[in-house]
$ cat entry_28.cif   # mmCIF, C-alpha atoms
data_coords
#
loop_
_atom_site.group_PDB
_atom_site.id
_atom_site.type_symbol
_atom_site.label_atom_id
_atom_site.label_comp_id
_atom_site.auth_asym_id
_atom_site.auth_seq_id
_atom_site.Cartn_x
_atom_site.Cartn_y
_atom_site.Cartn_z
ATOM 1 C CA MET A 671 187.432 96.391 175.512
ATOM 2 C CA SER A 672 187.124 92.617 175.422
ATOM 3 C CA TYR A 673 190.069 90.308 175.239
ATOM 4 C CA ILE A 674 189.992 86.974 173.477
ATOM 5 C CA THR A 675 191.455 84.322 175.699
ATOM 6 C CA PHE A 676 192.774 81.058 174.399
ATOM 7 C CA MET A 677 192.872 77.878 176.429
ATOM 8 C CA GLN A 678 195.534 75.287 175.689
ATOM 9 C CA TYR A 679 195.009 71.570 176.149
ATOM 10 C CA LEU A 680 197.488 68.729 176.013
ATOM 11 C CA VAL A 681 195.680 65.566 174.861
ATOM 12 C CA ALA A 682 197.557 62.258 175.032
ATOM 13 C CA LEU A 683 196.247 58.857 173.957
ATOM 14 C CA LEU A 684 197.539 56.043 176.176
ATOM 15 C CA PRO A 685 197.208 52.324 175.383
ATOM 16 C CA ASP A 686 196.141 50.969 178.798
ATOM 17 C CA ARG A 687 195.176 51.798 182.371
ATOM 18 C CA LEU A 688 198.622 51.057 183.850
ATOM 19 C CA GLN A 689 200.367 53.546 181.587
ATOM 20 C CA ALA A 690 197.594 56.122 182.120
ATOM 21 C CA GLU A 691 197.924 55.868 185.897
ATOM 22 C CA ALA A 692 201.728 56.038 185.672
ATOM 23 C CA VAL A 693 201.553 59.264 183.654
ATOM 24 C CA TYR A 694 198.962 60.715 186.047
ATOM 25 C CA SER A 695 201.194 59.872 189.041
ATOM 26 C CA ALA A 696 204.232 61.408 187.356
ATOM 27 C CA LEU A 697 202.283 64.624 186.722
ATOM 28 C CA GLU A 698 201.160 64.636 190.350
ATOM 29 C CA GLU A 699 204.758 64.180 191.575
ATOM 30 C CA ALA A 700 205.876 67.044 189.327
ATOM 31 C CA GLY A 701 203.513 69.346 191.199
ATOM 32 C CA LEU A 702 200.862 69.953 188.539
ATOM 33 C CA PRO A 703 197.494 70.881 190.076
ATOM 34 C CA LEU A 704 195.252 67.824 189.768
ATOM 35 C CA GLU A 705 192.182 69.903 188.910
ATOM 36 C CA ALA A 706 193.917 70.694 185.606
ATOM 37 C CA VAL A 707 194.607 67.016 184.810
ATOM 38 C CA ALA A 708 191.894 64.572 183.729
ATOM 39 C CA LEU A 709 191.855 60.916 182.714
ATOM 40 C CA VAL A 710 189.121 59.793 180.345
ATOM 41 C CA GLY A 711 188.374 56.092 180.111
ATOM 42 C CA ARG A 712 186.951 53.125 182.018
ATOM 43 C CA GLY A 713 186.950 53.839 185.747
ATOM 44 C CA TYR A 714 187.595 57.562 185.256
ATOM 45 C CA ARG A 715 185.747 60.304 183.424
ATOM 46 C CA ASP A 716 183.214 59.193 180.863
ATOM 47 C CA VAL A 717 184.054 60.132 177.293
ATOM 48 C CA ALA A 718 180.507 61.464 176.813
ATOM 49 C CA ASP A 719 180.983 63.942 179.673
ATOM 50 C CA TYR A 720 184.288 65.296 178.446
ATOM 51 C CA PRO A 721 184.300 67.217 175.129
ATOM 52 C CA LEU A 722 187.150 65.885 173.011
ATOM 53 C CA PRO A 723 187.789 66.940 169.412
ATOM 54 C CA GLN A 724 187.276 64.123 166.941
ATOM 55 C CA GLY A 725 189.623 63.454 164.078
ATOM 56 C CA GLY A 726 188.618 62.992 160.499
ATOM 57 C CA TRP A 727 186.418 65.075 158.273
ATOM 58 C CA ARG A 728 182.748 65.317 159.131
ATOM 59 C CA PRO A 729 180.462 67.062 156.677
ATOM 60 C CA ASN A 730 178.451 69.824 158.256
ATOM 61 C CA PHE A 731 175.086 71.325 157.387
ATOM 62 C CA PHE A 732 176.583 73.730 154.864
ATOM 63 C CA THR A 733 178.180 70.924 152.872
ATOM 64 C CA TYR A 734 174.819 69.264 152.291
ATOM 65 C CA TRP A 735 173.289 72.272 150.648
ATOM 66 C CA LEU A 736 176.183 74.310 149.229
ATOM 67 C CA VAL A 737 177.656 71.529 147.048
ATOM 68 C CA PRO A 738 174.379 70.747 145.194
ATOM 69 C CA PHE A 739 173.576 74.471 145.030
ATOM 70 C CA GLY A 740 177.023 75.088 143.550
ATOM 71 C CA PHE A 741 176.472 72.362 140.933
ATOM 72 C CA VAL A 742 173.095 73.788 139.860
ATOM 73 C CA SER A 743 174.515 77.311 139.844
ATOM 74 C CA GLY A 744 177.495 76.212 137.742
ATOM 75 C CA VAL A 745 175.253 74.547 135.151
ATOM 76 C CA GLY A 746 172.916 77.559 135.147
ATOM 77 C CA PHE A 747 175.812 79.973 134.714
ATOM 78 C CA SER A 748 177.198 77.937 131.838
ATOM 79 C CA ILE A 749 173.827 77.845 130.060
ATOM 80 C CA LEU A 750 172.917 81.497 130.672
ATOM 81 C CA THR A 751 176.244 82.990 129.644
ATOM 82 C CA GLY A 752 176.794 80.741 126.649
ATOM 83 C CA LEU A 753 180.474 80.343 127.456
ATOM 84 C CA GLU A 754 182.101 77.616 125.383
ATOM 85 C CA THR A 755 185.217 77.037 127.432
ATOM 86 C CA PHE A 756 185.356 73.244 127.094
ATOM 87 C CA THR A 757 183.169 72.766 124.002
ATOM 88 C CA SER A 758 186.059 71.850 121.699
ATOM 89 C CA TRP A 759 186.736 68.571 123.523
ATOM 90 C CA ALA A 760 183.715 68.053 125.824
ATOM 91 C CA GLY A 761 180.824 69.085 123.603
ATOM 92 C CA VAL A 762 177.984 71.413 124.549
ATOM 93 C CA TRP A 763 176.506 69.256 127.337
ATOM 94 C CA GLY A 764 179.948 68.309 128.601
ATOM 95 C CA ASN A 765 180.715 72.018 128.858
ATOM 96 C CA HIS A 766 177.626 72.533 131.042
ATOM 97 C CA LEU A 767 178.463 69.454 133.138
ATOM 98 C CA LEU A 768 182.012 70.685 133.781
ATOM 99 C CA GLY A 769 180.597 74.089 134.724
ATOM 100 C CA GLY A 770 178.386 72.303 137.248
ATOM 101 C CA LEU A 771 181.325 70.320 138.652
ATOM 102 C CA LEU A 772 183.363 73.490 139.049
ATOM 103 C CA GLY A 773 180.394 75.096 140.802
ATOM 104 C CA ALA A 774 180.144 72.091 143.159
ATOM 105 C CA VAL A 775 183.841 72.413 144.017
ATOM 106 C CA ALA A 776 183.343 76.101 144.761
ATOM 107 C CA GLY A 777 180.338 75.235 146.955
ATOM 108 C CA GLY A 778 182.421 72.667 148.837
ATOM 109 C CA MET A 779 185.190 75.179 149.438
ATOM 110 C CA GLY A 780 182.620 77.680 150.659
ATOM 111 C CA SER A 781 181.115 75.155 153.055
ATOM 112 C CA VAL A 782 184.530 74.495 154.637
ATOM 113 C CA VAL A 783 185.223 78.188 155.125
ATOM 114 C CA VAL A 784 181.734 79.137 156.325
ATOM 115 C CA GLY A 785 180.733 75.950 158.125
ATOM 116 C CA GLY A 786 183.740 75.074 160.211
ATOM 117 C CA GLY A 787 186.633 77.176 159.136
ATOM 118 C CA LEU A 788 190.111 75.886 158.691
ATOM 119 C CA GLY A 789 190.066 74.621 162.269
ATOM 120 C CA GLN A 790 187.906 71.743 161.054
ATOM 121 C CA LEU A 791 190.562 70.816 158.509
ATOM 122 C CA ALA A 792 193.213 70.912 161.235
ATOM 123 C CA GLN A 793 191.463 68.010 162.976
ATOM 124 C CA TRP A 794 192.264 65.583 160.137
ATOM 125 C CA GLY A 795 195.391 64.370 161.915
ATOM 126 C CA LEU A 796 193.680 63.810 165.260
ATOM 127 C CA PRO A 797 192.696 60.321 166.362
ATOM 128 C CA ASN A 798 189.071 59.509 167.067
ATOM 129 C CA TYR A 799 189.219 59.715 170.859
ATOM 130 C CA VAL A 800 185.703 58.361 171.452
ATOM 131 C CA GLN A 801 186.446 55.235 169.448
ATOM 132 C CA ALA A 802 189.810 54.796 171.168
ATOM 133 C CA VAL A 803 188.200 54.938 174.632
ATOM 134 C CA LYS A 804 185.586 52.402 173.530
ATOM 135 C CA GLN A 805 188.480 50.113 172.543
ATOM 136 C CA GLY A 806 189.857 50.293 176.112
ATOM 137 C CA LYS A 807 192.428 53.061 175.692
ATOM 138 C CA TYR A 808 192.750 56.115 177.933
ATOM 139 C CA VAL A 809 192.973 59.817 177.164
ATOM 140 C CA LEU A 810 194.909 62.181 179.401
ATOM 141 C CA VAL A 811 193.983 65.872 179.227
ATOM 142 C CA VAL A 812 195.994 68.691 180.799
ATOM 143 C CA GLN A 813 194.374 72.118 180.732
ATOM 144 C CA GLY A 814 196.189 75.434 181.017
ATOM 145 C CA ALA A 815 198.694 77.321 178.900
ATOM 146 C CA GLY A 816 201.478 77.282 181.481
ATOM 147 C CA LEU A 817 200.873 73.673 182.445
ATOM 148 C CA VAL A 818 200.869 72.234 178.929
ATOM 149 C CA ASN A 819 204.575 72.849 178.356
ATOM 150 C CA ARG A 820 205.504 71.371 181.735
ATOM 151 C CA ALA A 821 203.300 68.317 181.212
ATOM 152 C CA LYS A 822 204.441 67.682 177.651
ATOM 153 C CA GLY A 823 207.965 66.679 178.647
ATOM 154 C CA ILE A 824 206.673 64.351 181.339
ATOM 155 C CA VAL A 825 204.069 62.696 179.115
ATOM 156 C CA LEU A 826 206.557 62.187 176.262
ATOM 157 C CA ARG A 827 208.728 60.010 178.530
ATOM 158 C CA PHE A 828 205.893 57.458 178.621
ATOM 159 C CA GLN A 829 205.677 57.290 174.796
ATOM 160 C CA PRO A 830 201.946 57.907 174.265
ATOM 161 C CA GLN A 831 200.273 56.661 171.094
ATOM 162 C CA SER A 832 199.304 60.233 170.241
ATOM 163 C CA LEU A 833 200.139 63.616 171.736
ATOM 164 C CA ASN A 834 198.492 66.842 170.598
ATOM 165 C CA VAL A 835 198.384 70.399 171.882
ATOM 166 C CA LEU A 836 195.045 72.045 171.073
ATOM 167 C CA GLU A 837 193.851 75.611 171.521
ATOM 168 C CA THR A 838 190.313 76.869 171.947
ATOM 169 C CA ARG A 839 188.762 80.285 172.474
#

$ encode --input "entry_28.cif" --output "structure tokens"
Amino acid sequence: MSYITFMQYLVALLPDRLQAEAVYSALEEAGLPLEAVALVGRGYRDVADYPLPQGGWRPNFFTYWLVPFGFVSGVGFSILTGLETFTSWAGVWGNHLLGGLLGAVAGGMGSVVVGGGLGQLAQWGLPNYVQAVKQGKYVLVVQGAGLVNRAKGIVLRFQPQSLNVLETR
């Protein structure tokens, strides 16, 4: 029997090196194991070496082919079945066009579910950590389910620009 294990991460965005080092020192004084704490930014870990989730929506491979396929399928379905759902106000070709648009929406929804799941949508509220580090900010990462709760209270005292708890499998 295999068990699925989840790893929790606390990811905090800090505005400058002084605040990042102060938070790191406070975590060290609180007794958190330093191998579970990482600073990403100039003089510390490189952002390219540390995998951080990126905020915003990024289209994936499925989006590029499922949306056009959905549009063509919607138009084809409208023509083949002869349904006249919108003909009274959109005309015959408008009816086929709306069928195509509805098919494209269905393709887009399918690409989100198949291509990245709802976890991809959950990243909309996350900041773009790579861009923030390039602007001179620092990212503090604490790894470990038991450590995240302890570290959260300490990090919140320093008023980070962003604080997120993420889970991965």

$ residues_around --input "entry_28.cif" --residues "Val742 in chain A" --least-positions-apart "4" --cutoff "8 Å" --atoms "only C-alpha atoms" --output "list of chain:residue names"
A:Pro738, A:Gly746, A:Gly770, A:Gly773, A:Ala774

$ residues_around --input "entry_28.cif" --residues "Gly744 in chain A" --least-positions-apart "3" --cutoff "10 Å" --atoms "only C-alpha atoms" --output "list in words"
Pro738, Phe739, Gly740, Phe741, Phe747, Ser748, Ile749, Leu750, His766, Leu767, Leu768, Gly769, Gly770, Leu771, Leu772, Gly773, Ala774, Val775, Ala776 and Gly777 of chain A

$ resolve_selection --input "entry_28.cif" --expression "the PyMOL selection byres ((chain A and resi 696) around 12)" --output "number ranges by chain"
A: 689-695, 697-704, 707, 820-828

$ closest_residue --input "entry_28.cif" --among "A:Gln813, A:Gln805, A:Ser758, A:Asn834" --to "Leu709 in chain A" --atoms "only C-alpha atoms"
A:Gln813

$ residues_near_point --input "entry_28.cif" --point "(196.0, 70.5, 180.4)" --cutoff "8 Å" --atoms "only C-alpha atoms" --output "PyMOL selection string"
chain A and resi 678-681+706-708+811-815+817-818+821

$ atom_distance --input "entry_28.cif" --atom1 "CA of Gly752 in chain A" --atom2 "CA of Tyr734 in chain A"
28.2 Å
